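See below for the structure under consideration.
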Amino acid sequence: MKDLRMDTRVVSLMAWSGIVLVVCLAVAQGLLMGFIPPPSPDMSAEEIAQLFIERKLGIRVGTLLECIGFTFYLTWSMSIVMFMRRMESGMPVLTYTSIANNGGGYVFFLLMPITWAALAFRPEALDPKLLQLVNDYVWFIFILSWPPFALFTVYIAVAVLRDRNPEPVFPRWVGYVNLWTAAMIMPAGLIEFFTTGPFAYDGVIAVWWVWLEFFGWIVVMSWVTLRACAAEKRRQLAEDGAGVSA
């Protein structure tokens with residue numbers, strides 16, 4: 001019979017890719033593009049256009065790095081899904097739904113740097129109002145795309161809290177952290193109503209709070225998944241030892 005045991009080395013690398021994603025975002029969007037914090041939605045079209053002209057090279061290099069780094073959302077999320085399958089008994093509904101959901105989330109991640117790269121390709125030739133509109137659109141993709149990511153946290157929470165394995169795959173507190181994350185990123189939905197203040201797309205609540213919650217969640221889930229990989233490796237070694245003894 002084919003050995004269907006989990007390859008913990010591969011899954012560990014996939015879990016680490018979530019940390020790579022966070023680092024790529026910080027370097028690309030913060031240091032290279034200068035988009036941490038985001039440009040204010042209250043800026044004029046001419047100001048936004050000048051910003052893209054002045055930062056053209058940094059935005060191009062930053063979006064290239066983001067296109068690479070954001071790809072790791074898919075590998076990272078699948079490392080969690082591998083363990084969700086261990087938590088489910090019977091038909092793995094949450095596992096299958098998470099795979100489809102995360103594929104869609106991955107598309108949102110890539111749309112952002114691709115669109116910014118297009119704006120920075122020849123910003124001098126673009127109408128400032130068009131550039132402003134498309135820039136708003138990218139930030140809306142970045143922040144208003146929160147529902148599929150929140151849904152994934154709910155799927156994880158349900159899987160963790162329903163885990164009936166003798167030794168739970170993830171601690172139960174991980175389920176509650178995921179439910180908290182789902183609730184705390186919901187203010188992201190308010191950015192379309194404000195151009196200034198805490199709920200604008202450069203605001204304290206809609207951006208800083210939501211970003212800390214979301215990317216902090218990625219770090220926490222990377223850590224617990226790596227711990228689960230280590231536990232799985234120990235279990236496999238114990239099985240191998242028992243088989244040799246027998």
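Residue names in the structure tokens use chain letters A, B, ... in the order shown, residue numbers from 1 in each chain, and ligand numbers from 1 in the order shown.
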
Discussion item. Which residues are close to A:Tyr155, i.e. within 10 Å by only C-alpha atoms, leaving aside same-chain residues fewer than 6 positions away? Reply as a list in words.
Written reply: Val81, Met84, Val93, Leu94, Thr95, Thr97, Ser98, Phe149, Gly175, Asn178 and Leu179 of chain A

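Shortest atom-to-atom contact with A:Val204 among A:Val160, A:Leu131, A:Ser79, A:Ile36: A:Ile36, counting only C-alpha atoms.
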
Discussion item. My list of candidates is A:Leu212, A:Ala157, A:Ala28, A:Leu57. Which is closest to A:Met87 when distances are computed with only C-alpha atoms?
Written reply: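 The closest residue to A:Met87 is A:Ala157.
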
Worksheet entry | Near-A:Ile143 list (12 Å; only C-alpha atoms; drop same-chain fewer than 3 positions) as a ChimeraX atom specification | /A:38,105,108-109,112,136-140,146-150,185-192,199-203,205-211,214

Item to complete: Determine the nearest neighbour of A:Phe193 from the options A:Trp76, A:Ala242, A:Ser17, A:Leu144, counting only C-alpha atoms.
Response: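 Ranking A:Trp76, A:Ala242, A:Ser17, A:Leu144 by distance to A:Phe193, first place goes to A:Leu144.
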
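The interatomic distance for the pair atom CA of A:Phe70 and atom CA of A:Ala159 works out to 25.3 Å.
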
Practice prompt. Compare A:Asp163, A:Arg5, A:Gly103, A:Pro113 by their minimum atom-to-atom distance to A:Thr63, counting only C-alpha atoms, and give me the closest one.
Written response: A:Pro113

Item to complete: Counting only C-alpha atoms, figure out which residue out of A:Trp116, A:Phe35, A:Phe52, A:Phe83 gets nearest to A:Leu64.
Response: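 Closest to A:Leu64 of all the choices is A:Trp116.
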
Worksheet item: From the set A:Ala230, A:Ala45, A:Ile68, A:Val107, which residue has the shortest atom-to-atom contact distance to A:Val22, counting only C-alpha atoms?
Response: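 Checking each of A:Ala230, A:Ala45, A:Ile68, A:Val107 against A:Val22, counting only C-alpha atoms, the winner is A:Ile68.
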
Item to complete: Taking the DSSP assignment computed from this structure's backbone, write out as a PyMOL selection string all residues of stretch 39-227 of chain A that belong to alpha helix (DSSP H).
Response: chain A and resi 45-54+56-70+72-87+93-121+128-144+146-161+172-184+210-227

Worksheet item: Any idea what the distance is between atom CA of A:Pro41 and atom CA of A:Leu25?
Response: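 Interatomic distance, atom CA of A:Pro41 to atom CA of A:Leu25: 20.6 Å.
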
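Interatomic distance, atom CA of A:Pro128 to atom CA of A:Arg60: 18.4 Å.
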